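Trainee: If it helps, the file is called target_31.pdb and holds PDB, C-alpha atoms:
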MODEL        1
ATOM      1  CA  TRP A 357     -23.683   7.576   7.219  1.00  0.00           C
ATOM      2  CA  SER A 358     -23.083   3.953   8.240  1.00  0.00           C
ATOM      3  CA  GLN A 359     -23.629   2.926   4.615  1.00  0.00           C
ATOM      4  CA  LEU A 360     -21.597   5.735   3.050  1.00  0.00           C
ATOM      5  CA  GLN A 361     -18.519   5.080   5.215  1.00  0.00           C
ATOM      6  CA  TYR A 362     -18.238   1.614   3.702  1.00  0.00           C
ATOM      7  CA  LEU A 363     -17.386   3.175   0.342  1.00  0.00           C
ATOM      8  CA  GLY A 364     -14.008   3.965   1.905  1.00  0.00           C
ATOM      9  CA  ILE A 365     -13.788   0.815   4.029  1.00  0.00           C
ATOM     10  CA  ALA A 366     -14.359  -1.332   0.924  1.00  0.00           C
ATOM     11  CA  THR A 367     -11.941   0.481  -1.394  1.00  0.00           C
ATOM     12  CA  VAL A 368      -8.965   1.572   0.733  1.00  0.00           C
ATOM     13  CA  PRO A 369      -7.765  -1.955   1.726  1.00  0.00           C
ATOM     14  CA  ILE A 370      -7.946  -3.088  -1.933  1.00  0.00           C
ATOM     15  CA  THR A 371      -5.995  -0.007  -3.019  1.00  0.00           C
ATOM     16  CA  LEU A 372      -3.385  -0.626  -0.321  1.00  0.00           C
ATOM     17  CA  PHE A 373      -3.070  -4.278  -1.351  1.00  0.00           C
ATOM     18  CA  ILE A 374      -2.519  -3.397  -5.025  1.00  0.00           C
ATOM     19  CA  LEU A 375      -0.056  -0.639  -4.085  1.00  0.00           C
ATOM     20  CA  THR A 376       1.806  -3.061  -1.801  1.00  0.00           C
ATOM     21  CA  LEU A 377       2.211  -5.659  -4.557  1.00  0.00           C
ATOM     22  CA  TYR A 378       3.353  -3.022  -7.035  1.00  0.00           C
ATOM     23  CA  PHE A 379       5.761  -1.453  -4.568  1.00  0.00           C
ATOM     24  CA  SER A 380       7.247  -4.820  -3.566  1.00  0.00           C
ATOM     25  CA  GLY A 381       8.130  -5.817  -7.130  1.00  0.00           C
ATOM     26  CA  TYR A 382       5.117  -8.008  -7.929  1.00  0.00           C
ATOM     27  CA  ARG A 383       3.747  -5.609 -10.555  1.00  0.00           C
ATOM     28  CA  ASN A 384       3.745  -8.425 -13.150  1.00  0.00           C
ATOM     29  CA  CYS A 385       0.965 -10.074 -11.119  1.00  0.00           C
ATOM     30  CA  LEU A 386      -1.257  -7.031 -11.544  1.00  0.00           C
ATOM     31  CA  ASN A 387      -3.449  -6.365 -14.552  1.00  0.00           C
ATOM     32  CA  ILE A 388      -6.999  -5.249 -15.300  1.00  0.00           C
ATOM     33  CA  LYS A 389      -8.338  -8.797 -14.905  1.00  0.00           C
ATOM     34  CA  ILE A 390      -6.698  -9.375 -11.502  1.00  0.00           C
ATOM     35  CA  ASN A 391      -7.725  -5.936 -10.236  1.00  0.00           C
ATOM     36  CA  SER A 392     -11.305  -6.588 -11.341  1.00  0.00           C
ATOM     37  CA  LEU A 393     -11.357  -9.938  -9.538  1.00  0.00           C
ATOM     38  CA  LEU A 394     -10.074  -8.284  -6.348  1.00  0.00           C
ATOM     39  CA  ALA A 395     -12.991  -5.826  -6.513  1.00  0.00           C
ATOM     40  CA  ILE A 396     -15.741  -8.469  -6.823  1.00  0.00           C
ATOM     41  CA  VAL A 397     -16.193  -9.127  -3.083  1.00  0.00           C
ATOM     42  CA  PRO A 398     -16.239  -5.410  -2.099  1.00  0.00           C
ATOM     43  CA  ILE A 399     -18.758  -4.617  -4.861  1.00  0.00           C
ATOM     44  CA  ILE A 400     -21.048  -7.458  -3.746  1.00  0.00           C
ATOM     45  CA  ALA A 401     -20.657  -6.356  -0.110  1.00  0.00           C
ATOM     46  CA  LEU A 402     -21.612  -2.775  -1.026  1.00  0.00           C
ATOM     47  CA  ALA A 403     -24.698  -4.086  -2.835  1.00  0.00           C
ATOM     48  CA  PHE A 404     -25.745  -5.912   0.361  1.00  0.00           C
ATOM     49  CA  ILE A 405     -24.974  -2.820   2.465  1.00  0.00           C
ATOM     50  CA  PHE A 406     -27.173  -0.454   0.466  1.00  0.00           C
ATOM     51  CA  SER A 407     -29.988  -3.000   0.282  1.00  0.00           C
ATOM     52  CA  ASN A 408     -29.668  -4.214   3.876  1.00  0.00           C
ATOM     53  CA  GLY A 409     -33.178  -3.044   4.737  1.00  0.00           C
ATOM     54  CA  THR A 410     -34.666  -5.818   2.605  1.00  0.00           C
ATOM     55  CA  HIS A 411     -32.630  -8.798   3.880  1.00  0.00           C
ATOM     56  CA  HIS A 412     -30.582  -7.786   6.991  1.00  0.00           C
ATOM     57  CA  LEU A 413     -27.679 -10.025   5.938  1.00  0.00           C
ATOM     58  CA  PHE A 414     -24.983  -7.398   6.500  1.00  0.00           C
ATOM     59  CA  TRP A 415     -26.431  -5.793   9.632  1.00  0.00           C
ATOM     60  CA  LYS A 416     -28.827  -8.041  11.536  1.00  0.00           C
ATOM     61  CA  GLU A 417     -29.992  -5.279  13.805  1.00  0.00           C
ATOM     62  CA  THR A 418     -29.208  -1.619  14.429  1.00  0.00           C
ATOM     63  CA  SER A 419     -30.330   0.579  17.315  1.00  0.00           C
ATOM     64  CA  LEU A 420     -29.437   3.892  18.953  1.00  0.00           C
ATOM     65  CA  VAL A 421     -28.007   3.731  22.477  1.00  0.00           C
ATOM     66  CA  SER A 422     -27.320   6.594  24.857  1.00  0.00           C
ATOM     67  CA  ALA A 423     -23.697   7.506  25.635  1.00  0.00           C
ATOM     68  CA  GLY A 424     -23.937  10.494  27.927  1.00  0.00           C
ATOM     69  CA  LYS A 425     -24.889  13.523  25.845  1.00  0.00           C
ATOM     70  CA  TYR A 426     -24.668  11.553  22.596  1.00  0.00           C
ATOM     71  CA  PHE A 427     -26.440   8.700  20.896  1.00  0.00           C
ATOM     72  CA  LEU A 428     -24.372   6.006  19.181  1.00  0.00           C
ATOM     73  CA  MET A 429     -25.445   3.226  16.876  1.00  0.00           C
ATOM     74  CA  GLU A 430     -25.244  -0.334  18.200  1.00  0.00           C
ATOM     75  CA  ILE A 431     -24.883  -2.902  15.446  1.00  0.00           C
ATOM     76  CA  LYS A 432     -25.286  -6.680  15.323  1.00  0.00           C
ATOM     77  CA  TYR A 433     -23.591  -8.085  12.249  1.00  0.00           C
ATOM     78  CA  GLY A 434     -24.857 -10.640   9.741  1.00  0.00           C
ATOM     79  CA  ILE A 435     -23.118 -13.376   7.768  1.00  0.00           C
ATOM     80  CA  VAL A 436     -22.234 -11.155   4.784  1.00  0.00           C
ATOM     81  CA  PHE A 437     -20.320  -8.768   7.061  1.00  0.00           C
ATOM     82  CA  TYR A 438     -18.123 -11.589   8.391  1.00  0.00           C
ATOM     83  CA  ILE A 439     -17.416 -12.888   4.875  1.00  0.00           C
ATOM     84  CA  PHE A 440     -16.475  -9.372   3.774  1.00  0.00           C
ATOM     85  CA  ALA A 441     -14.334  -8.781   6.886  1.00  0.00           C
ATOM     86  CA  GLY A 442     -12.542 -12.120   6.403  1.00  0.00           C
ATOM     87  CA  TYR A 443     -11.703 -11.183   2.816  1.00  0.00           C
ATOM     88  CA  ILE A 444     -10.404  -7.725   3.748  1.00  0.00           C
ATOM     89  CA  TYR A 445      -8.336  -9.034   6.678  1.00  0.00           C
ATOM     90  CA  SER A 446      -6.832 -11.728   4.425  1.00  0.00           C
ATOM     91  CA  LEU A 447      -5.615  -9.060   1.990  1.00  0.00           C
ATOM     92  CA  ILE A 448      -4.207  -7.035   4.886  1.00  0.00           C
ATOM     93  CA  ILE A 449      -2.305 -10.053   6.285  1.00  0.00           C
ATOM     94  CA  ILE A 450      -0.810 -10.826   2.855  1.00  0.00           C
ATOM     95  CA  SER A 451       0.183  -7.161   2.519  1.00  0.00           C
ATOM     96  CA  PHE A 452       1.930  -7.252   5.915  1.00  0.00           C
ATOM     97  CA  VAL A 453       3.922 -10.364   4.970  1.00  0.00           C
ATOM     98  CA  VAL A 454       5.028  -8.853   1.653  1.00  0.00           C
ATOM     99  CA  LEU A 455       5.977  -5.510   3.231  1.00  0.00           C
ATOM    100  CA  ILE A 456       7.951  -7.076   6.070  1.00  0.00           C
ATOM    101  CA  LYS A 457      10.067  -8.854   3.453  1.00  0.00           C
ATOM    102  CA  THR A 458      10.648  -5.529   1.734  1.00  0.00           C
ATOM    103  CA  LEU A 459      11.551  -3.846   5.034  1.00  0.00           C
ATOM    104  CA  ILE A 460      14.935  -5.606   5.044  1.00  0.00           C
ATOM    105  CA  GLN A 461      16.045  -3.489   2.074  1.00  0.00           C
ATOM    106  CA  LYS A 462      19.381  -1.784   2.689  1.00  0.00           C
ATOM    107  CA  ILE A 463      18.325   1.437   0.962  1.00  0.00           C
ATOM    108  CA  LYS A 464      16.892   3.924   3.479  1.00  0.00           C
ATOM    109  CA  LEU A 465      14.313   5.306   1.007  1.00  0.00           C
ATOM    110  CA  PHE A 466      12.810   1.847   0.439  1.00  0.00           C
ATOM    111  CA  ARG A 467      12.649   1.211   4.187  1.00  0.00           C
ATOM    112  CA  LEU A 468      10.810   4.498   4.689  1.00  0.00           C
ATOM    113  CA  GLN A 469       8.368   3.584   1.926  1.00  0.00           C
ATOM    114  CA  SER A 470       7.729   0.233   3.620  1.00  0.00           C
ATOM    115  CA  ILE A 471       7.182   1.914   6.994  1.00  0.00           C
ATOM    116  CA  ILE A 472       4.609   4.313   5.484  1.00  0.00           C
ATOM    117  CA  LEU A 473       2.651   1.446   3.899  1.00  0.00           C
ATOM    118  CA  ILE A 474       2.843  -0.712   7.047  1.00  0.00           C
ATOM    119  CA  SER A 475       1.677   2.235   9.177  1.00  0.00           C
ATOM    120  CA  ALA A 476      -1.279   2.921   6.868  1.00  0.00           C
ATOM    121  CA  LEU A 477      -2.297  -0.739   6.968  1.00  0.00           C
ATOM    122  CA  SER A 478      -1.848  -0.979  10.741  1.00  0.00           C
ATOM    123  CA  ILE A 479      -3.914   2.104  11.543  1.00  0.00           C
ATOM    124  CA  THR A 480      -6.783   1.017   9.308  1.00  0.00           C
ATOM    125  CA  SER A 481      -6.906  -2.635  10.363  1.00  0.00           C
ATOM    126  CA  LEU A 482      -6.291  -2.110  14.092  1.00  0.00           C
ATOM    127  CA  SER A 483      -8.994   0.546  14.432  1.00  0.00           C
ATOM    128  CA  ASN A 484     -11.544  -1.659  12.680  1.00  0.00           C
ATOM    129  CA  ILE A 485     -10.651  -4.731  14.752  1.00  0.00           C
ATOM    130  CA  LEU A 486     -10.947  -2.758  18.003  1.00  0.00           C
ATOM    131  CA  TYR A 487     -14.366  -1.485  16.938  1.00  0.00           C
ATOM    132  CA  VAL A 488     -15.725  -4.855  15.796  1.00  0.00           C
ATOM    133  CA  LEU A 489     -14.529  -6.580  18.990  1.00  0.00           C
ATOM    134  CA  ARG A 490     -15.929  -3.751  21.135  1.00  0.00           C
ATOM    135  CA  LEU A 491     -12.570  -3.025  22.766  1.00  0.00           C
ATOM    136  CA  LEU A 492     -12.776   0.770  22.521  1.00  0.00           C
ATOM    137  CA  PRO A 493     -13.793   2.969  25.516  1.00  0.00           C
ATOM    138  CA  PHE A 494     -16.893   3.955  23.534  1.00  0.00           C
ATOM    139  CA  LYS A 495     -17.901   0.510  22.297  1.00  0.00           C
ATOM    140  CA  ASN A 496     -20.346   1.739  19.684  1.00  0.00           C
ATOM    141  CA  PHE A 497     -18.221   4.567  18.292  1.00  0.00           C
ATOM    142  CA  ASP A 498     -16.701   3.520  14.964  1.00  0.00           C
ATOM    143  CA  ILE A 499     -13.273   5.139  14.542  1.00  0.00           C
ATOM    144  CA  THR A 500     -12.608   3.426  11.191  1.00  0.00           C
ATOM    145  CA  PRO A 501     -13.459   6.549   9.097  1.00  0.00           C
ATOM    146  CA  ILE A 502     -10.977   8.581  11.187  1.00  0.00           C
ATOM    147  CA  ALA A 503      -8.338   5.870  10.724  1.00  0.00           C
ATOM    148  CA  LEU A 504      -8.958   5.812   6.963  1.00  0.00           C
ATOM    149  CA  THR A 505      -8.413   9.575   6.842  1.00  0.00           C
ATOM    150  CA  ILE A 506      -5.091   9.273   8.701  1.00  0.00           C
ATOM    151  CA  SER A 507      -4.017   6.401   6.423  1.00  0.00           C
ATOM    152  CA  SER A 508      -4.906   8.463   3.354  1.00  0.00           C
ATOM    153  CA  VAL A 509      -2.743  11.341   4.613  1.00  0.00           C
ATOM    154  CA  LEU A 510       0.183   8.934   5.157  1.00  0.00           C
ATOM    155  CA  LEU A 511      -0.233   7.478   1.675  1.00  0.00           C
ATOM    156  CA  THR A 512      -0.389  10.934   0.125  1.00  0.00           C
ATOM    157  CA  TYR A 513       2.859  11.846   1.891  1.00  0.00           C
ATOM    158  CA  GLY A 514       4.469   8.615   0.699  1.00  0.00           C
ATOM    159  CA  ILE A 515       3.383   9.083  -2.904  1.00  0.00           C
ATOM    160  CA  VAL A 516       4.306  12.784  -3.101  1.00  0.00           C
ATOM    161  CA  TYR A 517       7.510  12.935  -1.053  1.00  0.00           C
ATOM    162  CA  LEU A 518       8.846   9.361  -0.996  1.00  0.00           C
ATOM    163  CA  LYS A 519       7.714   8.613  -4.566  1.00  0.00           C
ATOM    164  CA  ILE A 520       5.928   5.361  -3.701  1.00  0.00           C
ATOM    165  CA  GLY A 521       4.951   3.822  -7.023  1.00  0.00           C
ATOM    166  CA  ASN A 522       7.600   5.704  -8.992  1.00  0.00           C
ATOM    167  CA  ILE A 523      10.677   4.363  -7.201  1.00  0.00           C
ATOM    168  CA  ILE A 524      10.319   0.779  -6.045  1.00  0.00           C
ATOM    169  CA  PRO A 525      12.743  -1.896  -4.784  1.00  0.00           C
ATOM    170  CA  LEU A 526      14.051  -4.268  -7.417  1.00  0.00           C
ATOM    171  CA  LYS A 527      12.676  -7.749  -6.828  1.00  0.00           C
ATOM    172  CA  GLN A 528      15.055  -9.224  -9.390  1.00  0.00           C
ATOM    173  CA  MET A 529      18.270  -7.442 -10.241  1.00  0.00           C
ATOM    174  CA  PRO A 530      19.621  -7.732 -13.789  1.00  0.00           C
ATOM    175  CA  LYS A 531      22.499 -10.220 -13.967  1.00  0.00           C
ATOM    176  CA  ILE A 532      25.700  -8.235 -13.568  1.00  0.00           C
ATOM    177  CA  ASP A 533      29.107  -8.955 -12.114  1.00  0.00           C
ATOM    178  CA  ASP A 534      29.380  -6.520  -9.195  1.00  0.00           C
ATOM    179  CA  LYS A 535      33.159  -6.641  -9.272  1.00  0.00           C
ATOM    180  CA  LYS A 536      33.672  -6.283 -13.034  1.00  0.00           C
ATOM    181  CA  ASP A 537      30.640  -4.425 -14.400  1.00  0.00           C
ATOM    182  CA  PHE A 538      29.892  -0.717 -14.265  1.00  0.00           C
ATOM    183  CA  SER A 539      26.099  -0.790 -14.441  1.00  0.00           C
ATOM    184  CA  VAL A 540      23.412   1.816 -13.792  1.00  0.00           C
ATOM    185  CA  ILE A 541      19.721   0.871 -13.570  1.00  0.00           C
ATOM    186  CA  ILE A 542      16.937   3.405 -14.202  1.00  0.00           C
ATOM    187  CA  ASN A 543      13.177   3.309 -14.829  1.00  0.00           C
ATOM    188  CA  ASN A 544      11.166   4.840 -17.667  1.00  0.00           C
ATOM    189  CA  GLN A 545      11.213   8.204 -15.906  1.00  0.00           C
ATOM    190  CA  ASN A 546      15.032   8.205 -15.801  1.00  0.00           C
ATOM    191  CA  MET A 547      15.022   7.787 -12.014  1.00  0.00           C
ATOM    192  CA  LEU A 548      18.018   5.977 -10.588  1.00  0.00           C
ATOM    193  CA  LEU A 549      17.160   2.598  -9.066  1.00  0.00           C
ATOM    194  CA  SER A 550      20.591   1.092  -8.549  1.00  0.00           C
ATOM    195  CA  ILE A 551      24.281   1.371  -9.422  1.00  0.00           C
ATOM    196  CA  SER A 552      26.739  -1.483  -9.220  1.00  0.00           C
ATOM    197  CA  PRO A 553      29.443  -1.254  -6.516  1.00  0.00           C
ATOM    198  CA  LEU A 554      32.097  -0.699  -9.202  1.00  0.00           C
ATOM    199  CA  GLY A 555      30.014   2.155 -10.628  1.00  0.00           C
ATOM    200  CA  LEU A 556      29.686   3.778  -7.208  1.00  0.00           C
ATOM    201  CA  LYS A 557      33.436   3.482  -6.693  1.00  0.00           C
ATOM    202  CA  ILE A 558      34.288   5.033 -10.057  1.00  0.00           C
ATOM    203  CA  LEU A 559      31.764   7.863  -9.625  1.00  0.00           C
ATOM    204  CA  ASN A 560      32.715   8.310  -5.957  1.00  0.00           C
ATOM    205  CA  MET A 561      29.060   8.344  -4.923  1.00  0.00           C
ATOM    206  CA  ASP A 562      26.874   6.920  -2.156  1.00  0.00           C
ATOM    207  CA  LEU A 563      23.791   5.025  -3.356  1.00  0.00           C
ATOM    208  CA  GLN A 564      21.740   6.269  -0.386  1.00  0.00           C
ATOM    209  CA  SER A 565      22.164   9.884  -1.504  1.00  0.00           C
ATOM    210  CA  ILE A 566      21.325   9.486  -5.191  1.00  0.00           C
ATOM    211  CA  ILE A 567      18.638   6.766  -5.292  1.00  0.00           C
ATOM    212  CA  GLY A 568      15.446   8.085  -6.869  1.00  0.00           C
ATOM    213  CA  LYS A 569      17.073  11.119  -8.476  1.00  0.00           C
ATOM    214  CA  ASP A 570      16.966  11.903 -12.175  1.00  0.00           C
ATOM    215  CA  ILE A 571      20.043  10.353 -13.751  1.00  0.00           C
ATOM    216  CA  LYS A 572      20.927  13.599 -15.545  1.00  0.00           C
ATOM    217  CA  GLU A 573      21.083  15.394 -12.201  1.00  0.00           C
ATOM    218  CA  ALA A 574      22.853  12.644 -10.275  1.00  0.00           C
ATOM    219  CA  ILE A 575      25.494  11.616 -12.808  1.00  0.00           C
ATOM    220  CA  PRO A 576      27.408  14.179 -14.866  1.00  0.00           C
ATOM    221  CA  GLY A 577      27.606  13.185 -18.520  1.00  0.00           C
ATOM    222  CA  ALA A 578      24.807  10.597 -18.229  1.00  0.00           C
ATOM    223  CA  LYS A 579      24.160  10.706 -21.988  1.00  0.00           C
ATOM    224  CA  LYS A 580      27.640   9.328 -22.557  1.00  0.00           C
ATOM    225  CA  PHE A 581      26.920   6.340 -20.310  1.00  0.00           C
ATOM    226  CA  ILE A 582      23.648   5.665 -22.150  1.00  0.00           C
ATOM    227  CA  GLU A 583      25.443   5.675 -25.503  1.00  0.00           C
ATOM    228  CA  MET A 584      28.029   3.255 -24.118  1.00  0.00           C
ATOM    229  CA  GLU A 585      25.187   0.969 -22.900  1.00  0.00           C
ATOM    230  CA  PHE A 586      26.296   1.100 -19.293  1.00  0.00           C
ATOM    231  CA  ILE A 587      22.718   1.936 -18.289  1.00  0.00           C
ATOM    232  CA  SER A 588      19.945  -0.637 -18.020  1.00  0.00           C
ATOM    233  CA  ARG A 589      16.340   0.581 -18.229  1.00  0.00           C
ATOM    234  CA  LEU A 590      13.491  -1.244 -16.452  1.00  0.00           C
ATOM    235  CA  ASN A 591      10.065  -0.798 -18.050  1.00  0.00           C
ATOM    236  CA  TYR A 592       7.807   0.654 -15.354  1.00  0.00           C
TER     237      TYR A 592
ENDMDL
END
Translate the structure of the given file into structure tokens.
Mentor:
Amino acid sequence: WSQLQYLGIATVPITLFILTLYFSGYRNCLNIKINSLLAIVPIIALAFIFSNGTHHLFWKETSLVSAGKYFLMEIKYGIVFYIFAGYIYSLIIISFVVLIKTLIQKIKLFRLQSIILISALSITSLSNILYVLRLLPFKNFDITPIALTISSVLLTYGIVYLKIGNIIPLKQMPKIDDKKDFSVIINNQNMLLSISPLGLKILNMDLQSIIGKDIKEAIPGAKKFIEMEFISRLNY
């Protein structure tokens, strides 16, 4: 079980990091090559984990200790564990910095998306840190798998209901004159990302209430605006 749980511990932080970059508008930095490079350390760590019995570089020593009616595993970590942990925590710190910047978004939906991602990261990282530093009431009880499950539920909620990945904040807005231009910005799925202040005034709409909706549902006669080239489409 100790080995199998690291399948989740090794993959979830990487997934969160990639999702954070994509969500925060850094999707141009992500490609198959970059994603593959990010996976190198976890793959090597997993190889050491499943072969630990021959070298003891990930876990130096493991033993069962009594905790009342139960027996828990006491672990002394090796050098490979600390290298792996340092890598994972570095990705988590970078993710926090990026998400905090995104949290200042004025649109409520984007703030909620940021809060979901920050919560998922916090639960996962805090639980693991408390376990590694032996700060939990049951020092040898690893709550990381439970934390990963909670984080996964939060992410599922964010993806399904808040459309994380489909509707993301715009890192760089197209160059428009807010006072003179009537501009609507959508993605490849025709979801509304932004409308210029003049557009909101003319349509008598509130951006908070229509962000993320299909343009055909949110704006009557949307086809006419597309034909008149009032609508900008972002390719993602």
Trainee: I would like the residues chosen by the PyMOL selection byres ((chain A and resi 372-383) around 10) on the shown file; could you give them as an NGL selection string?
Mentor: :A and (367-371 or 384-387 or 390-391 or 394 or 444 or 447-452 or 454-459 or 466 or 469-470 or 473-474 or 476-477 or 507-508 or 511 or 520-528 or 592)
Trainee: Considering only C-alpha atoms, give me a table of residues in stretch 367-409 of chain A that are at most 12 Å from stretch 432-436 of chain A, with the closest atom pair and distance in Å for each, as a Markdown table.
Mentor:
| residue | atom | partner | partner_atom | distance |
| --- | --- | --- | --- | --- |
| A:Val397 | CA | A:Val436 | CA | 10.1 |
| A:Pro398 | CA | A:Val436 | CA | 10.8 |
| A:Ile400 | CA | A:Val436 | CA | 9.4 |
| A:Ala401 | CA | A:Val436 | CA | 7.0 |
| A:Leu402 | CA | A:Val436 | CA | 10.2 |
| A:Ala403 | CA | A:Val436 | CA | 10.7 |
| A:Phe404 | CA | A:Val436 | CA | 7.7 |
| A:Ile405 | CA | A:Val436 | CA | 9.1 |
| A:Asn408 | CA | A:Gly434 | CA | 9.9 |
Trainee: Export C-alpha atoms of the chosen residues as a CSV table (one decimal), in the coordinates of the input?
Mentor:
chain,number,residue,atom,x,y,z
A,397,VAL,CA,-16.2,-9.1,-3.1
A,398,PRO,CA,-16.2,-5.4,-2.1
A,400,ILE,CA,-21.0,-7.5,-3.7
A,401,ALA,CA,-20.7,-6.4,-0.1
A,402,LEU,CA,-21.6,-2.8,-1.0
A,403,ALA,CA,-24.7,-4.1,-2.8
A,404,PHE,CA,-25.7,-5.9,0.4
A,405,ILE,CA,-25.0,-2.8,2.5
A,408,ASN,CA,-29.7,-4.2,3.9
Trainee: Could you tell me how far atom CA of A:Phe406 sits from atom CA of A:Leu360, in Å to one decimal place?
Mentor: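 That distance, rounded to one decimal, is 8.7 Å.
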Trainee: Env of A:Leu549: 7 Å cut, atoms = only C-alpha atoms, seq-sep filter 4 positions within chain, self excluded. Answer as a list in words.
Mentor: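 Counting only the stated atoms, we get Ile523, Ile541, Ile542, Ile567 and Gly568 of chain A.
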Trainee: Name the residues in contact with stretch 569-576 of chain A at a cut-off of 6 Å, using all atoms listed in the file, excluding same-chain residues fewer than 6 positions from it; report them as a ChimeraX atom specification.
Mentor: /A:546-548
Trainee: Separation of atom CA of A:Ile551 and atom CA of A:Ser539, in Å?
Mentor: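 Computing the Euclidean distance for atom CA of A:Ile551 and atom CA of A:Ser539 yields 5.8 Å.
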Trainee: When distances are computed from all atoms listed in the file, which of A:Ser446, A:Gln359, A:Ser392, A:Asn560 shows the smallest separation from A:Phe414?
Mentor: A:Gln359
Trainee: Take atom CA of A:Gly514 and atom CA of A:Leu556 and report the distance between them in Å, one decimal.
Mentor: 26.9 Å
Trainee: Return the single residue from A:Gln361, A:Val540, A:Ser483, A:Phe437 that is closest to A:Ser552, with distances computed using only C-alpha atoms.
Mentor: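 Counting only C-alpha atoms, the residue closest to A:Ser552 is A:Val540.
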Trainee: Rank nothing, just name the residue among A:Glu430, A:Lys519, A:Tyr443, A:Leu504 nearest to A:Leu363, using only C-alpha atoms.
Mentor: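 Under the stated criterion, the closest residue is A:Leu504.
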